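One file, entry-v3.txt, carrying compact mmCIF, C-alpha atoms:
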```txt
# COMPACT_ATOMS: atom_id res chain seq x y z
CA MET A 143 52.89 119.88 -4.04
CA SER A 144 52.05 121.75 -0.85
CA GLY A 145 50.47 119.45 1.77
CA ARG A 146 49.41 120.98 5.03
CA PRO A 147 50.57 124.58 5.33
CA PRO A 148 53.97 124.89 7.04
CA THR A 149 54.15 126.75 10.31
CA GLU A 150 56.41 129.79 10.54
CA ALA A 151 58.84 127.72 12.60
CA GLU A 152 58.98 125.01 9.95
CA ARG A 153 59.35 127.43 7.07
CA ASN A 154 62.82 128.79 6.29
CA GLN A 155 61.99 132.48 6.45
CA GLU A 156 65.26 133.51 4.80
CA ALA A 157 64.45 131.30 1.80
CA THR A 158 60.82 132.44 1.60
CA VAL A 159 59.27 135.25 -0.43
CA TYR A 160 56.03 137.06 0.31
CA ILE A 161 53.73 137.48 -2.71
CA GLY A 162 51.06 140.17 -2.63
CA ASN A 163 48.41 141.72 -4.88
CA ILE A 164 47.49 138.31 -6.28
CA ASP A 165 44.50 138.18 -8.63
CA GLU A 166 41.64 135.93 -7.51
CA GLN A 167 42.09 133.74 -10.61
CA VAL A 168 45.63 132.77 -9.59
CA THR A 169 46.03 129.29 -8.07
CA ASP A 170 48.79 127.55 -6.11
CA PRO A 171 50.01 125.70 -9.24
CA VAL A 172 50.24 129.00 -11.15
CA ILE A 173 52.46 130.49 -8.44
CA TRP A 174 54.53 127.28 -8.34
CA GLU A 175 55.09 127.31 -12.12
CA LEU A 176 56.06 130.98 -12.03
CA MET A 177 58.43 130.79 -9.08
CA ILE A 178 60.18 127.62 -10.20
CA GLN A 179 61.72 129.75 -12.93
CA ALA A 180 63.78 131.43 -10.22
CA GLY A 181 64.89 128.21 -8.53
CA PRO A 182 63.76 124.93 -6.93
CA VAL A 183 60.56 125.44 -4.93
CA VAL A 184 59.88 123.67 -1.61
CA ASN A 185 56.38 124.91 -0.85
CA VAL A 186 53.70 127.32 -2.05
CA TYR A 187 51.06 128.50 0.39
CA LEU A 188 48.15 130.85 -0.36
CA PRO A 189 45.97 131.32 2.78
CA LYS A 190 42.35 130.56 1.88
CA ASP A 191 38.95 131.50 3.23
CA ARG A 192 37.45 128.57 5.14
CA ILE A 193 34.06 128.88 3.47
CA THR A 194 34.79 129.90 -0.11
CA GLN A 195 38.27 128.33 -0.30
CA GLN A 196 39.29 131.45 -2.23
CA HIS A 197 42.77 132.75 -1.50
CA GLN A 198 43.06 136.11 0.24
CA GLY A 199 45.27 137.99 -2.22
CA PHE A 200 48.64 137.09 -0.73
CA GLY A 201 50.82 134.08 -0.11
CA PHE A 202 54.30 132.65 0.40
CA CYS A 203 56.76 130.63 -1.65
CA GLU A 204 59.63 128.80 0.01
CA PHE A 205 62.72 128.02 -2.05
CA GLN A 206 65.50 125.55 -1.36
CA SER A 207 68.03 128.33 -0.84
CA GLU A 208 68.19 131.93 0.31
CA GLN A 209 69.93 132.83 -2.95
CA ASP A 210 66.94 131.62 -4.97
CA ALA A 211 64.58 133.67 -2.79
CA ASP A 212 66.77 136.76 -3.28
CA TYR A 213 66.78 136.16 -7.03
CA ALA A 214 63.00 135.68 -7.14
CA SER A 215 62.38 138.92 -5.24
CA LYS A 216 64.43 140.76 -7.85
CA ILE A 217 63.08 139.25 -11.08
CA MET A 218 59.48 138.42 -10.13
CA ASN A 219 58.44 141.68 -8.48
CA GLN A 220 55.81 143.50 -10.57
CA ILE A 221 55.33 140.55 -12.94
CA ARG A 222 51.71 140.65 -14.16
CA LEU A 223 49.41 137.70 -13.50
CA PHE A 224 45.94 138.09 -15.00
CA GLY A 225 46.67 141.77 -15.51
CA LYS A 226 47.76 142.56 -11.93
CA PRO A 227 51.40 143.27 -11.00
CA ILE A 228 52.32 141.04 -8.07
CA ARG A 229 54.52 142.25 -5.23
CA VAL A 230 57.38 139.91 -4.35
CA ASN A 231 59.85 140.45 -1.53
CA LYS A 232 61.71 138.42 1.06
CA ALA A 233 59.32 137.37 3.82
CA SER A 234 61.96 138.15 6.45
CA ALA A 235 62.11 141.72 5.12
CA ASN A 236 58.45 142.35 5.93
CA LYS A 237 59.21 142.73 9.61
CA GLN A 238 62.25 144.90 8.93
CA ARG A 239 60.63 147.32 6.50
CA SER A 240 58.63 149.04 9.23
CA LEU A 241 60.06 149.72 12.67
CA ASP A 242 58.84 147.14 15.17
CA VAL A 243 58.24 149.29 18.27
CA GLY A 244 56.41 146.59 20.24
CA ALA A 245 52.89 147.79 19.45
CA GLU A 246 51.55 144.21 19.31
CA ILE A 247 48.04 143.40 20.45
CA PHE A 248 46.34 140.13 21.36
CA VAL A 249 42.88 139.47 19.91
CA GLY A 250 41.00 136.70 21.73
CA ASN A 251 37.61 134.98 21.78
CA LEU A 252 37.57 134.90 17.99
CA ASP A 253 34.76 133.28 16.06
CA PRO A 254 36.12 130.21 14.17
CA LEU A 255 35.21 131.89 10.87
CA VAL A 256 37.35 134.97 11.51
CA ASP A 257 40.43 134.77 9.28
CA GLU A 258 43.59 136.80 8.75
CA ARG A 259 41.99 138.91 6.07
CA MET A 260 39.14 139.95 8.37
CA LEU A 261 41.64 140.89 11.09
CA TYR A 262 43.59 142.94 8.56
CA GLU A 263 40.52 144.73 7.24
CA THR A 264 39.27 145.39 10.78
CA PHE A 265 42.45 146.59 12.47
CA SER A 266 44.26 148.35 9.62
CA ARG A 267 41.62 151.08 9.96
CA PHE A 268 43.40 152.19 13.14
CA GLY A 269 46.81 152.60 11.51
CA PRO A 270 49.54 150.90 9.44
CA LEU A 271 50.43 147.29 10.30
CA ILE A 272 54.03 146.11 10.13
CA ALA A 273 53.04 142.58 9.08
CA GLN A 274 50.04 140.47 8.17
CA PRO A 275 47.90 139.59 11.23
CA LYS A 276 48.43 136.08 12.57
CA ILE A 277 45.78 133.67 13.83
CA ALA A 278 46.98 130.75 15.96
CA ARG A 279 46.03 127.49 14.25
CA ASP A 280 46.27 123.80 15.06
CA ASP A 281 47.76 121.01 12.91
CA GLN A 282 44.52 120.87 10.90
CA PHE A 283 44.77 124.63 10.25
CA GLN A 284 41.73 125.29 12.42
CA SER A 285 41.67 128.55 14.39
CA LYS A 286 42.51 128.31 18.09
CA GLY A 287 40.34 131.37 18.72
CA TYR A 288 43.01 134.02 19.10
CA GLY A 289 45.50 136.00 17.06
CA PHE A 290 47.98 138.87 17.01
CA VAL A 291 48.16 142.22 15.23
CA SER A 292 51.27 144.44 15.15
CA PHE A 293 51.10 148.17 14.43
CA ASP A 294 53.86 150.62 13.56
CA SER A 295 52.94 152.98 16.41
CA PHE A 296 51.43 152.94 19.88
CA GLU A 297 48.96 155.61 18.82
CA ALA A 298 47.42 153.09 16.42
CA SER A 299 47.53 150.14 18.82
CA ASP A 300 46.03 152.23 21.65
CA ALA A 301 43.19 153.24 19.35
CA ALA A 302 42.64 149.61 18.34
CA VAL A 303 42.49 148.39 21.94
CA GLU A 304 40.10 151.17 22.91
CA GLY A 305 37.94 150.86 19.82
CA MET A 306 37.70 147.07 19.41
CA ASN A 307 37.79 145.49 22.87
CA GLY A 308 34.37 143.92 23.39
CA GLN A 309 33.23 144.58 19.83
CA PHE A 310 31.69 141.75 17.81
CA LEU A 311 33.59 140.06 15.01
CA MET A 312 31.14 137.68 13.35
CA THR A 313 29.11 136.22 16.25
CA LYS A 314 31.44 136.74 19.24
CA PRO A 315 32.70 139.80 21.15
CA CYS A 316 36.48 139.85 20.86
CA THR A 317 38.95 140.56 23.63
CA VAL A 318 41.64 143.06 22.63
CA THR A 319 44.61 143.84 24.85
CA TYR A 320 48.37 144.18 24.57
CA ALA A 321 50.14 140.88 23.87
CA PHE A 322 52.61 139.34 26.28
CA LYS A 323 56.26 139.83 25.38
CA LYS A 324 58.06 136.76 24.08
CA ASP A 325 60.78 136.83 26.75
CA GLY A 326 58.58 134.78 29.08
CA LYS A 327 58.69 137.24 32.00
CA GLY A 328 54.95 137.83 31.97
CA GLU A 329 55.18 141.44 30.85
CA ARG A 330 52.91 142.89 28.20
CA HIS A 331 53.84 145.12 25.30
CA GLY A 332 52.93 148.79 25.55
CA ASP A 333 54.82 149.62 28.74
CA ALA A 334 56.49 152.96 29.44
CA ALA A 335 59.95 151.73 28.41
CA GLU A 336 58.77 150.58 24.99
CA ARG A 337 56.88 153.81 24.43
CA LEU A 338 59.96 155.88 25.30
CA LEU A 339 62.12 153.84 22.91
CA ALA A 340 59.49 154.23 20.19
CA THR A 341 59.44 158.01 20.65
CA GLN A 342 63.24 158.20 20.48
CA ALA A 343 63.34 155.95 17.40
CA LYS A 344 60.76 158.13 15.65
CA LYS A 345 62.85 161.24 16.38
CA ASN A 346 66.04 159.55 15.14
CA ASN A 347 64.29 158.41 11.97
CA TYR A 348 62.94 161.91 11.35
CA SER A 349 66.42 163.43 11.84
CA LEU A 350 67.86 160.90 9.38
CA GLN A 351 65.22 161.76 6.78
CA VAL A 352 65.93 165.49 7.19
CA ALA A 353 69.66 164.89 6.80
CA MET A 354 69.14 162.82 3.66
CA ALA A 355 66.83 165.48 2.23
CA ASN A 356 69.55 168.07 2.80
CA GLY A 357 72.13 165.97 1.02
CA PHE A 358 74.11 164.77 4.01
```
What is this structure when it is put down as structure tokens?
Amino acid sequence: MSGRPPTEAERNQEATVYIGNIDEQVTDPVIWELMIQAGPVVNVYLPKDRITQQHQGFGFCEFQSEQDADYASKIMNQIRLFGKPIRVNKASANKQRSLDVGAEIFVGNLDPLVDERMLYETFSRFGPLIAQPKIARDDQFQSKGYGFVSFDSFEASDAAVEGMNGQFLMTKPCTVTYAFKKDGKGERHGDAAERLLATQAKKNNYSLQVAMANGF
């Protein structure tokens, strides 16, 4: 039903929904049976703890078409499973909901038992995240010992770098620094240009909110 977990590259993000606030009693088959009511399902993936094999309260469902994913996000959001209303929205919308200013950090030298949930619980204390933390994994879904966390502001990411670099997660001191940009030029996030753009974007967003509040 859902063999090895698909990588983000393999998964059709536009045809995938993110499912949050999942009760611990919910299983992959339960999600599959629920989502198939919205359309043909390709894959269901609930990230699980390596030791307990218990899911971490969120997951993804990939449909055959973008239309089915759109439909599912509309009719399945707030459906109750074991008494808890689940959150369902397009996975591609997660990155768009909060402004991505480039406040992405690299977390290295991770203990093999550190998972995405631990990264979230550790780093969300410094400020809002724009997406779930990611841990690099091999074909057997084993951690490669590093991951990435993206914040909605440089104030939060600066605090995380300062507060967590060299701190122990499980049995190993982690390395926390700004991640390299994906353009391949060897530059890291957090430079002066990104910070200036982030400041301008925050001002523009504030002006828009004021205008909307005043009825413009």
Find the residue from A:Asn154, A:Gln179, A:Gln220, A:Asn163 that sits nearest to Gly199 in chain A; use only C-alpha atoms when measuring. A:Asn163
Could you pull the residues within 8 Å of Ser299 in chain A, counting only C-alpha atoms, minus those fewer than 6 positions along the same chain, as a VMD selection string? chain A and resid 245 to 247 268 to 269 292 to 293
For range 178-182 of chain A, I'd like the enclosing box, axis-aligned and padded by 8 Å on every side, reported as lines of an AutoDock Vina configuration file with centre and edge lengths in Å to one decimal.
```
center_x = 62.5
center_y = 128.2
center_z = -9.9
size_x = 20.7
size_y = 22.5
size_z = 22.0
```
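If you measure from each of A:Gly328, A:Gly308, A:Gly289, A:Gly162 to Asn219 in chain A using all atoms listed in the file, the closest one turns out to be A:Gly162.
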Tell me, as a compact mmCIF listing (two decimals) with C-alpha atoms, in the frame of the given file, which residues lie within 7 Å of Val186 in chain A, counting all atoms listed in the file; anything in the same chain fewer than 6 positions away does not count.
```txt
# COMPACT_ATOMS: atom_id res chain seq x y z
CA SER A 144 52.05 121.75 -0.85
CA ASP A 170 48.79 127.55 -6.11
CA TRP A 174 54.53 127.28 -8.34
CA PHE A 202 54.30 132.65 0.40
CA CYS A 203 56.76 130.63 -1.65
CA GLU A 204 59.63 128.80 0.01
```
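Ranking A:Glu208, A:Asp257, A:Asp325, A:Asp333 by their shortest atom-to-atom distance to Pro189 in chain A, with all atoms listed in the file included, puts A:Asp257 first.
Residue nearest Ser266 in chain A, chosen from A:Ala302, A:Glu156, A:Lys226, A:Ala340 and counting all atoms listed in the file: A:Ala302.
For the pair CA of Lys327 in chain A and CA of Phe248 in chain A, the interatomic distance is 16.6 Å.
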Might you pull out every residue within 10 Å of Tyr213 in chain A, with all atoms listed in the file counted and same-chain residues fewer than 6 positions away left off, and present them as a compact mmCIF listing (two decimals) with C-alpha atoms, in the frame of the given file?
```txt
# COMPACT_ATOMS: atom_id res chain seq x y z
CA ALA A 180 63.78 131.43 -10.22
CA GLY A 181 64.89 128.21 -8.53
CA ASN A 231 59.85 140.45 -1.53
CA LYS A 232 61.71 138.42 1.06
```
Selected residue, from A:Ser295, A:Thr264, A:Gln309, A:Gln195, that lies nearest to Gly332 in chain A when counting all atoms listed in the file: A:Ser295
Find the residue from A:Phe283, A:Leu261, A:Leu255, A:Asp294 that sits nearest to Ile193 in chain A; use all atoms listed in the file when measuring. A:Leu255
Using Å and a single decimal, report how far CA of Ala298 in chain A sits from CA of Lys324 in chain A. 20.9 Å
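As for CA of Asp300 in chain A and CA of Thr319 in chain A, they are spaced 9.1 Å apart.
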